[in-house]
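Shown below: target15.txt, with compact mmCIF, C-alpha atoms and all ligand atoms.
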# COMPACT_ATOMS: atom_id res chain seq x y z
CA MET A 599 0.00 0.00 0.00
CA ASN A 600 1.25 3.45 -0.81
CA PRO A 601 2.36 5.17 2.44
CA PHE A 602 0.71 8.46 1.34
CA HIS A 603 -2.62 6.82 0.57
CA LYS A 604 -4.06 7.63 4.03
CA LYS A 605 -3.49 10.89 5.83
CA PRO A 606 -0.47 10.23 8.05
CA GLN A 607 -0.99 10.59 11.79
CA PHE A 608 2.13 12.74 12.11
CA ALA A 609 0.62 15.58 10.05
CA PRO A 610 -2.10 17.09 12.25
CA ARG A 611 -4.80 19.01 10.37
CA CYS A 612 -4.15 22.56 11.49
CA HIS A 613 -0.81 22.94 13.20
CA ILE A 614 2.46 21.30 12.38
CA LYS A 615 5.23 21.97 14.90
CA ARG A 616 8.51 22.60 13.13
CA LYS A 617 11.45 23.32 15.42
CA GLU A 618 10.43 26.41 17.44
CA ASN A 619 7.93 27.64 14.85
CA ILE A 620 4.27 26.84 14.64
CA ILE A 621 3.15 26.84 11.01
CA PRO A 622 -0.15 28.71 10.71
CA GLN A 623 -3.42 26.98 9.86
CA ALA A 624 -3.42 25.33 6.46
CA ILE A 625 -4.78 27.63 3.75
CA ILE A 626 -5.26 24.55 1.55
CA SER A 627 -6.14 21.18 3.02
CA VAL A 628 -6.71 18.16 0.83
CA SER A 629 -7.87 14.84 2.25
CA ASP A 630 -8.37 11.45 0.64
CA LEU A 631 -8.97 13.12 -2.71
CA THR A 632 -9.89 10.85 -5.61
CA ARG A 633 -11.08 11.61 -9.13
CA THR A 634 -12.42 8.92 -11.41
CA ILE A 635 -13.77 9.71 -14.86
CA THR A 636 -16.29 7.32 -16.34
CA ASN A 637 -17.00 7.19 -20.06
CA GLY A 638 -19.68 4.59 -20.66
CA ALA A 639 -18.35 1.27 -19.37
CA HIS A 640 -14.82 2.63 -19.14
CA SER A 641 -13.46 4.25 -15.92
CA VAL A 642 -10.15 6.03 -15.46
CA GLU A 643 -8.92 6.54 -11.90
CA ILE A 644 -6.93 9.74 -12.33
CA LEU A 645 -6.30 10.58 -8.65
CA LYS A 646 -6.23 7.73 -6.16
CA GLY A 647 -6.17 9.33 -2.68
CA ILE A 648 -4.22 12.54 -2.24
CA ASN A 649 -3.51 14.12 1.15
CA PHE A 650 -1.60 17.27 2.03
CA ASP A 651 -1.89 20.56 3.91
CA VAL A 652 -0.35 23.78 2.64
CA PRO A 653 0.36 26.44 5.29
CA ALA A 654 -0.38 30.05 4.29
CA GLY A 655 2.53 31.64 2.45
CA GLN A 656 4.17 28.38 1.37
CA PHE A 657 5.56 27.99 -2.17
CA VAL A 658 4.80 24.46 -3.37
CA ALA A 659 5.91 22.87 -6.63
CA ILE A 660 3.75 19.98 -7.91
CA MET A 661 5.82 17.72 -10.13
CA GLY A 662 5.49 14.41 -11.93
CA ALA A 663 5.45 12.85 -15.37
CA SER A 664 2.93 13.78 -18.04
CA GLY A 665 -0.42 12.15 -17.24
CA SER A 666 0.32 11.73 -13.52
CA GLY A 667 -2.69 13.90 -12.54
CA LYS A 668 -1.15 17.33 -11.85
CA SER A 669 -3.63 19.46 -13.84
CA THR A 670 -6.55 17.40 -12.51
CA LEU A 671 -5.36 18.05 -8.94
CA LEU A 672 -4.95 21.79 -9.57
CA GLY A 673 -8.47 21.98 -11.04
CA LEU A 674 -9.85 20.32 -7.88
CA LEU A 675 -7.95 22.76 -5.62
CA ALA A 676 -9.61 25.66 -7.47
CA GLY A 677 -13.06 24.07 -7.37
CA LEU A 678 -13.12 24.02 -11.19
CA ASP A 679 -13.83 20.29 -10.98
CA SER A 680 -15.38 18.14 -8.22
CA PRO A 681 -13.63 15.20 -6.59
CA THR A 682 -15.17 11.73 -6.78
CA THR A 683 -14.44 11.33 -3.04
CA GLY A 684 -12.50 13.36 -0.48
CA ARG A 685 -12.40 17.03 0.48
CA VAL A 686 -10.74 20.31 -0.41
CA ILE A 687 -10.74 22.97 2.32
CA LEU A 688 -9.64 26.48 1.33
CA ASP A 689 -8.85 28.87 4.16
CA GLY A 690 -11.14 26.92 6.52
CA GLU A 691 -14.02 26.68 3.99
CA ASP A 692 -14.96 23.25 2.68
CA ILE A 693 -15.52 23.80 -1.05
CA THR A 694 -16.46 20.18 -1.76
CA GLY A 695 -19.92 20.02 -3.27
CA LEU A 696 -20.57 23.78 -3.13
CA ALA A 697 -22.89 25.20 -5.79
CA GLU A 698 -21.17 26.99 -8.70
CA ASP A 699 -22.35 30.49 -7.64
CA LYS A 700 -20.82 30.04 -4.15
CA LEU A 701 -17.65 28.57 -5.65
CA ALA A 702 -17.33 31.50 -8.04
CA VAL A 703 -17.41 33.94 -5.08
CA ILE A 704 -14.71 31.96 -3.20
CA ARG A 705 -12.59 31.69 -6.35
CA GLY A 706 -12.92 35.42 -7.03
CA ARG A 707 -11.82 36.29 -3.47
CA LYS A 708 -9.16 33.70 -2.84
CA ILE A 709 -7.68 32.27 -6.02
CA GLY A 710 -5.69 33.37 -9.00
CA PHE A 711 -5.53 30.59 -11.57
CA VAL A 712 -3.21 30.22 -14.55
CA PHE A 713 -4.32 27.44 -16.90
CA GLN A 714 -1.89 25.25 -18.83
CA SER A 715 -3.70 26.49 -21.97
CA TYR A 716 -3.88 30.16 -20.72
CA GLN A 717 -7.62 30.55 -21.56
CA LEU A 718 -7.52 34.22 -22.45
CA ILE A 719 -10.75 35.72 -23.77
CA PRO A 720 -10.15 36.01 -27.55
CA THR A 721 -12.36 39.07 -28.00
CA LEU A 722 -10.54 41.11 -25.32
CA THR A 723 -7.17 42.82 -25.64
CA ALA A 724 -4.24 41.94 -23.37
CA LEU A 725 -5.10 44.88 -21.08
CA GLU A 726 -8.81 43.99 -21.00
CA ASN A 727 -7.98 40.36 -20.17
CA VAL A 728 -5.82 41.48 -17.24
CA LEU A 729 -8.58 43.84 -16.05
CA LEU A 730 -11.28 41.15 -16.17
CA PRO A 731 -10.90 39.72 -12.61
CA ALA A 732 -11.15 43.25 -11.18
CA GLU A 733 -14.33 43.85 -13.18
CA LEU A 734 -15.83 40.53 -12.08
CA THR A 735 -15.17 41.29 -8.41
CA GLY A 736 -16.29 44.93 -8.73
CA LEU A 737 -12.88 46.43 -7.93
CA SER A 738 -12.58 49.41 -10.21
CA GLN A 739 -10.50 51.88 -8.22
CA GLY A 740 -6.93 51.89 -9.49
CA ALA A 741 -7.59 48.81 -11.60
CA THR A 742 -6.26 50.17 -14.89
CA ALA A 743 -3.09 51.47 -13.24
CA ARG A 744 -2.48 48.07 -11.59
CA ALA A 745 -3.19 46.19 -14.84
CA LEU A 746 -0.72 48.41 -16.72
CA GLU A 747 1.88 47.93 -13.99
CA LEU A 748 1.43 44.14 -14.15
CA LEU A 749 1.74 44.18 -17.94
CA GLU A 750 4.95 46.14 -17.53
CA ARG A 751 6.25 43.63 -14.98
CA VAL A 752 5.68 40.77 -17.44
CA GLY A 753 7.33 42.82 -20.21
CA LEU A 754 4.24 43.41 -22.34
CA THR A 755 3.56 47.16 -22.17
CA SER A 756 3.89 47.43 -25.94
CA ARG A 757 1.38 44.61 -26.46
CA GLN A 758 -1.42 45.92 -24.20
CA GLY A 759 -3.79 46.61 -27.14
CA HIS A 760 -3.18 43.25 -28.87
CA TYR A 761 -5.72 40.43 -28.97
CA PRO A 762 -4.64 36.90 -27.88
CA VAL A 763 -4.48 35.72 -31.52
CA GLN A 764 -1.89 38.44 -32.17
CA LEU A 765 0.33 37.23 -29.29
CA SER A 766 2.85 34.39 -29.19
CA GLY A 767 2.28 31.44 -26.83
CA GLY A 768 4.79 32.85 -24.30
CA GLU A 769 3.20 36.31 -24.49
CA GLN A 770 -0.27 34.83 -23.88
CA GLN A 771 1.18 32.94 -20.92
CA ARG A 772 2.54 36.19 -19.47
CA VAL A 773 -0.85 37.94 -19.94
CA ALA A 774 -2.47 34.98 -18.12
CA LEU A 775 -0.01 35.45 -15.24
CA ALA A 776 -0.65 39.20 -15.05
CA ARG A 777 -4.40 38.45 -15.01
CA ALA A 778 -3.96 35.95 -12.16
CA PHE A 779 -2.08 38.58 -10.08
CA MET A 780 -4.68 41.27 -10.71
CA VAL A 781 -6.78 41.02 -7.53
CA GLN A 782 -3.86 40.04 -5.25
CA PRO A 783 -5.27 36.61 -4.46
CA PRO A 784 -4.06 34.93 -1.24
CA ILE A 785 -3.62 31.71 -3.26
CA LEU A 786 -2.11 31.49 -6.74
CA LEU A 787 -2.52 28.19 -8.59
CA ALA A 788 -0.59 27.98 -11.85
CA ASP A 789 -0.21 25.13 -14.32
CA GLU A 790 3.25 25.23 -15.92
CA PRO A 791 3.62 29.03 -15.57
CA THR A 792 7.02 28.99 -17.28
CA GLY A 793 6.25 26.08 -19.62
CA ASN A 794 6.28 28.12 -22.81
CA LEU A 795 8.91 30.71 -21.97
CA ASP A 796 12.56 31.02 -23.00
CA SER A 797 15.08 31.01 -20.17
CA ALA A 798 15.28 34.84 -19.84
CA ASN A 799 11.50 35.25 -19.62
CA GLY A 800 11.22 32.12 -17.45
CA SER A 801 13.71 33.56 -14.91
CA HIS A 802 11.89 36.88 -14.97
CA ILE A 803 8.53 35.20 -14.23
CA LEU A 804 10.17 33.11 -11.50
CA GLU A 805 11.45 36.34 -9.88
CA LEU A 806 7.96 37.81 -10.12
CA LEU A 807 6.43 34.74 -8.46
CA ILE A 808 9.04 34.72 -5.68
CA ASP A 809 8.48 38.45 -5.14
CA LEU A 810 4.70 37.88 -4.92
CA ASN A 811 5.25 35.04 -2.47
CA ARG A 812 7.59 37.09 -0.23
CA ARG A 813 6.05 40.57 -0.48
CA GLU A 814 2.33 39.76 -0.61
CA ARG A 815 2.64 36.40 1.27
CA THR A 816 0.78 34.74 -1.58
CA THR A 817 0.55 30.97 -1.22
CA LEU A 818 1.88 29.52 -4.49
CA VAL A 819 0.99 26.08 -5.82
CA LEU A 820 2.69 25.67 -9.16
CA VAL A 821 2.65 22.65 -11.44
CA THR A 822 6.02 22.52 -13.12
CA HIS A 823 8.55 20.45 -15.01
CA ASP A 824 11.04 23.29 -14.55
CA ALA A 825 13.80 22.10 -12.20
CA GLU A 826 15.02 25.68 -11.61
CA LEU A 827 11.56 26.81 -10.52
CA ALA A 828 11.12 23.72 -8.31
CA ARG A 829 14.51 24.36 -6.69
CA HIS A 830 13.22 27.74 -5.45
CA ALA A 831 10.04 26.25 -3.95
CA ASP A 832 9.74 25.61 -0.17
CA ARG A 833 8.37 22.18 -0.92
CA ARG A 834 8.07 19.71 -3.81
CA ILE A 835 5.16 17.26 -4.06
CA VAL A 836 5.70 14.59 -6.71
CA LEU A 837 2.79 12.67 -8.26
CA LYS A 838 2.95 9.35 -10.05
CA ASP A 839 -0.10 7.58 -11.49
CA GLY A 840 -2.49 9.63 -9.34
CA LEU A 841 -0.63 9.23 -6.04
CA VAL A 842 1.85 11.35 -4.10
CA ILE A 843 5.15 9.47 -4.24
CA SER A 844 7.21 12.11 -2.49
CA ASP A 845 6.56 15.23 -0.45
CA ASP A 846 9.57 16.83 1.17
CA ASP A 847 7.40 18.59 3.77
CA LEU A 848 5.97 15.25 4.93
CA ALA A 849 9.47 13.81 4.85
CA LEU A 850 10.55 16.60 7.21
CA ALA A 851 7.59 16.01 9.53
CA GLU A 852 8.31 12.27 9.49
CA ARG A 853 11.96 12.82 10.38
CA MET A 854 10.94 15.12 13.26
CA GLU A 855 8.42 12.55 14.47
CA THR A 856 11.12 9.87 14.44
CA SER A 857 13.66 12.07 16.22
CA ALA A 858 11.03 13.04 18.84
CA GLN A 859 10.29 9.36 19.67
CA PRO A 860 12.05 8.24 22.88
CA ALA A 861 14.45 5.43 22.01
CA SER A 862 12.88 2.22 23.35
CA HIS A 863 16.15 0.82 24.70
CA VAL A 864 16.96 3.92 26.77
CA ARG A 865 15.60 3.83 30.32
N1 LIG A 901 -11.80 14.13 -19.12
C1 LIG A 901 -10.96 13.10 -19.11
N2 LIG A 901 -11.37 11.86 -19.52
C2 LIG A 901 -10.54 10.80 -19.47
N3 LIG A 901 -9.27 10.86 -19.04
C3 LIG A 901 -8.82 12.06 -18.62
C4 LIG A 901 -9.62 13.24 -18.64
N4 LIG A 901 -8.89 14.27 -18.15
C5 LIG A 901 -7.67 13.77 -17.87
N5 LIG A 901 -7.62 12.44 -18.17
C6 LIG A 901 -6.48 11.53 -17.98
O1 LIG A 901 -6.03 11.67 -16.66
C7 LIG A 901 -4.62 11.59 -16.59
C8 LIG A 901 -4.09 12.80 -15.85
O2 LIG A 901 -4.32 13.97 -16.62
P1 LIG A 901 -3.72 15.38 -16.20
O3 LIG A 901 -4.13 16.35 -17.25
O4 LIG A 901 -4.11 15.67 -14.80
O5 LIG A 901 -2.15 15.07 -16.27
P2 LIG A 901 -0.88 16.02 -16.04
O6 LIG A 901 -0.08 15.41 -14.94
O7 LIG A 901 -1.34 17.42 -15.86
O8 LIG A 901 -0.10 15.84 -17.41
P3 LIG A 901 0.77 16.92 -18.29
O9 LIG A 901 2.12 17.06 -17.59
O10 LIG A 901 0.88 16.26 -19.61
O11 LIG A 901 0.01 18.22 -18.35
C9 LIG A 901 -4.13 11.47 -18.03
O12 LIG A 901 -3.83 10.12 -18.27
C10 LIG A 901 -5.30 11.95 -18.85
O13 LIG A 901 -5.33 11.31 -20.09
MG MG A 902 -1.16 19.12 -17.08

Please express what this file holds, its structure, as structure tokens.
Amino acid sequence: MNPFHKKPQFAPRCHIKRKENIIPQAIISVSDLTRTITNGAHSVEILKGINFDVPAGQFVAIMGASGSGKSTLLGLLAGLDSPTTGRVILDGEDITGLAEDKLAVIRGRKIGFVFQSYQLIPTLTALENVLLPAELTGLSQGATARALELLERVGLTSRQGHYPVQLSGGEQQRVALARAFMVQPPILLADEPTGNLDSANGSHILELLIDLNRRERTTLVLVTHDAELARHADRRIVLKDGLVISDDDLALAERMETSAQPASHVR
């Protein structure tokens, strides 16, 4: 049996003691998450029981081979898809089974999402795409100035009036990132945010993400194949065939648990 299949006893739900620090309550908590897709008589078990807690402000890289379930997991964390079994708790709110209108409110307040396929609105310019989350949440004050600043930070000032079809894949990816930063979400979920960028633009986006994580204490959960990006994360969770096969945060907790156990032969 996979050791990560059940939530380990050494990882209490809300507080994990690490040396002298108490990590704050988990902003994302995932328990026994499964996702099975059934097409007629055929079922595919995409996620087979995922458990982890992410403390607020942590930078997590989700890694694993193509088809291991990373995008499916990210979609569940954002409430864009529903799990077959298990729960997703965001900032203390259980989003499992919530109606779409309630989910949309939580998403608008708490989550910035960057899709693997960007999903820009084709009929809106780069600037209008970046402004969209502010319009949807009714934040108009200073919105244009922030959107222009974000476009500058991703190096696209000169492309602000262009439509997605007039932008390269990497440029669309950078617009999608600027859009995700627009309403300063406490949680940013991004699927391969540097996947289509050359190394100079990739490093620039990495700096932007790290800056967001440090300055605005944004919790980052990034799906990535980029070793450089993963190296900068606080924690790497690796999926294989729908299961977590390694999680260096759990490994740390496990080591602490072991070192805290009194040795049985010592009296
Ligand atoms: N709607 C669906 N119907 C059937 N199978 C699906 C569906 N969506 C995803 N899958 C399958 O689930 C598995 C996991 O898909 P997912 O997109 O989560 O992988 P991934 O780890 O993000 O891969 P990549 O690195 O290529 O983006 C794949 O084998 C995929 O074919
Ligand atoms: Mg994917």

What does the distance between CA of Phe711 (chain A) and CA of Leu806 (chain A) come to in Å, to one decimal place?
15.4 Å

Counting only C-alpha atoms and all ligand atoms, the option among A:Thr742, A:Asn649, A:Thr632, A:Ser666 closest to ligand LIG 901 (chain A)
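When distances to ligand LIG 901 (chain A) are compared using only C-alpha atoms and all ligand atoms, the smallest one comes from A:Ser666.
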
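You will find CA of Lys700 (chain A) at 12.0 Å from CA of Leu678 (chain A).
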
Output as CSV one row per residue of chain A within 8 Å of ligand MG 902 (chain A): the closest atom pair and its distance in Å to one decimal place, counting only C-alpha atoms and all ligand atoms, sorted by chain and residue number ascending.
residue,atom,partner,partner_atom,distance
A:Ser664,CA,A:MG902,MG,6.8
A:Gly665,CA,A:MG902,MG,7.0
A:Gly667,CA,A:MG902,MG,7.1
A:Lys668,CA,A:MG902,MG,5.5
A:Ser669,CA,A:MG902,MG,4.1
A:Thr670,CA,A:MG902,MG,7.3
A:Gln714,CA,A:MG902,MG,6.4
A:Asp789,CA,A:MG902,MG,6.7
A:Glu790,CA,A:MG902,MG,7.6
A:Val821,CA,A:MG902,MG,7.7

Taking only C-alpha atoms and all ligand atoms into account, list the residues no farther than 12 Å from ligand LIG 901 (chain A), as number ranges by chain.
A: 632-638, 640-646, 660-674, 679, 713-715, 788-791, 793, 820-824, 836-842

Distance query Leu795 (chain A) at most 10 Å, only C-alpha atoms, self and fewer than 4 positions along chain excluded, as a VMD selection string:
chain A and resid 767 to 769 771 to 772 790 to 791 799 to 803

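The coordinates place CA of Ala724 (chain A) at 6.0 Å from CA of Tyr761 (chain A).
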
Would you fill the gaps in region 797-817 of chain A so it has N, CA and C atoms, then print it as an mmCIF file, in the frame of the given file?
data_model
loop_
_atom_site.group_PDB
_atom_site.id
_atom_site.type_symbol
_atom_site.label_atom_id
_atom_site.label_comp_id
_atom_site.auth_asym_id
_atom_site.auth_seq_id
_atom_site.Cartn_x
_atom_site.Cartn_y
_atom_site.Cartn_z
ATOM 1 N N SER A 797 14.500 30.981 -21.509
ATOM 2 C CA SER A 797 15.080 31.010 -20.170
ATOM 3 C C SER A 797 15.078 32.416 -19.568
ATOM 4 N N ALA A 798 15.263 33.469 -20.400
ATOM 5 C CA ALA A 798 15.280 34.840 -19.840
ATOM 6 C C ALA A 798 13.887 35.197 -19.296
ATOM 7 N N ASN A 799 12.859 34.945 -20.088
ATOM 8 C CA ASN A 799 11.500 35.250 -19.620
ATOM 9 C C ASN A 799 11.084 34.340 -18.474
ATOM 10 N N GLY A 800 11.522 33.075 -18.528
ATOM 11 C CA GLY A 800 11.220 32.120 -17.450
ATOM 12 C C GLY A 800 11.815 32.605 -16.137
ATOM 13 N N SER A 801 13.075 33.083 -16.157
ATOM 14 C CA SER A 801 13.710 33.560 -14.910
ATOM 15 C C SER A 801 12.999 34.806 -14.414
ATOM 16 N N HIS A 802 12.572 35.646 -15.352
ATOM 17 C CA HIS A 802 11.890 36.880 -14.970
ATOM 18 C C HIS A 802 10.557 36.554 -14.270
ATOM 19 N N ILE A 803 9.815 35.592 -14.828
ATOM 20 C CA ILE A 803 8.530 35.200 -14.230
ATOM 21 C C ILE A 803 8.775 34.542 -12.868
ATOM 22 N N LEU A 804 9.830 33.738 -12.784
ATOM 23 C CA LEU A 804 10.170 33.110 -11.500
ATOM 24 C C LEU A 804 10.424 34.188 -10.439
ATOM 25 N N GLU A 805 11.186 35.231 -10.824
ATOM 26 C CA GLU A 805 11.450 36.340 -9.880
ATOM 27 C C GLU A 805 10.145 37.001 -9.438
ATOM 28 N N LEU A 806 9.253 37.181 -10.413
ATOM 29 C CA LEU A 806 7.960 37.810 -10.120
ATOM 30 C C LEU A 806 7.153 36.956 -9.127
ATOM 31 N N LEU A 807 7.172 35.654 -9.345
ATOM 32 C CA LEU A 807 6.430 34.740 -8.460
ATOM 33 C C LEU A 807 7.042 34.752 -7.058
ATOM 34 N N ILE A 808 8.370 34.731 -6.990
ATOM 35 C CA ILE A 808 9.040 34.720 -5.680
ATOM 36 C C ILE A 808 8.747 36.039 -4.948
ATOM 37 N N ASP A 809 8.764 37.134 -5.707
ATOM 38 C CA ASP A 809 8.480 38.450 -5.140
ATOM 39 C C ASP A 809 7.049 38.499 -4.570
ATOM 40 N N LEU A 810 6.117 37.928 -5.332
ATOM 41 C CA LEU A 810 4.700 37.880 -4.920
ATOM 42 C C LEU A 810 4.570 37.058 -3.636
ATOM 43 N N ASN A 811 5.279 35.937 -3.614
ATOM 44 C CA ASN A 811 5.250 35.040 -2.470
ATOM 45 C C ASN A 811 5.822 35.737 -1.223
ATOM 46 N N ARG A 812 6.930 36.453 -1.383
ATOM 47 C CA ARG A 812 7.590 37.090 -0.230
ATOM 48 C C ARG A 812 6.880 38.358 0.189
ATOM 49 N N ARG A 813 6.573 39.239 -0.812
ATOM 50 C CA ARG A 813 6.050 40.570 -0.480
ATOM 51 C C ARG A 813 4.581 40.538 -0.105
ATOM 52 N N GLU A 814 3.782 39.754 -0.864
ATOM 53 C CA GLU A 814 2.330 39.760 -0.610
ATOM 54 C C GLU A 814 1.913 38.506 0.145
ATOM 55 N N ARG A 815 2.882 37.667 0.536
ATOM 56 C CA ARG A 815 2.640 36.400 1.270
ATOM 57 C C ARG A 815 1.621 35.513 0.546
ATOM 58 N N THR A 816 1.668 35.570 -0.779
ATOM 59 C CA THR A 816 0.780 34.740 -1.580
ATOM 60 C C THR A 816 1.219 33.277 -1.471
ATOM 61 N N THR A 817 0.257 32.401 -1.215
ATOM 62 C CA THR A 817 0.550 30.970 -1.220
ATOM 63 C C THR A 817 0.612 30.544 -2.693
#
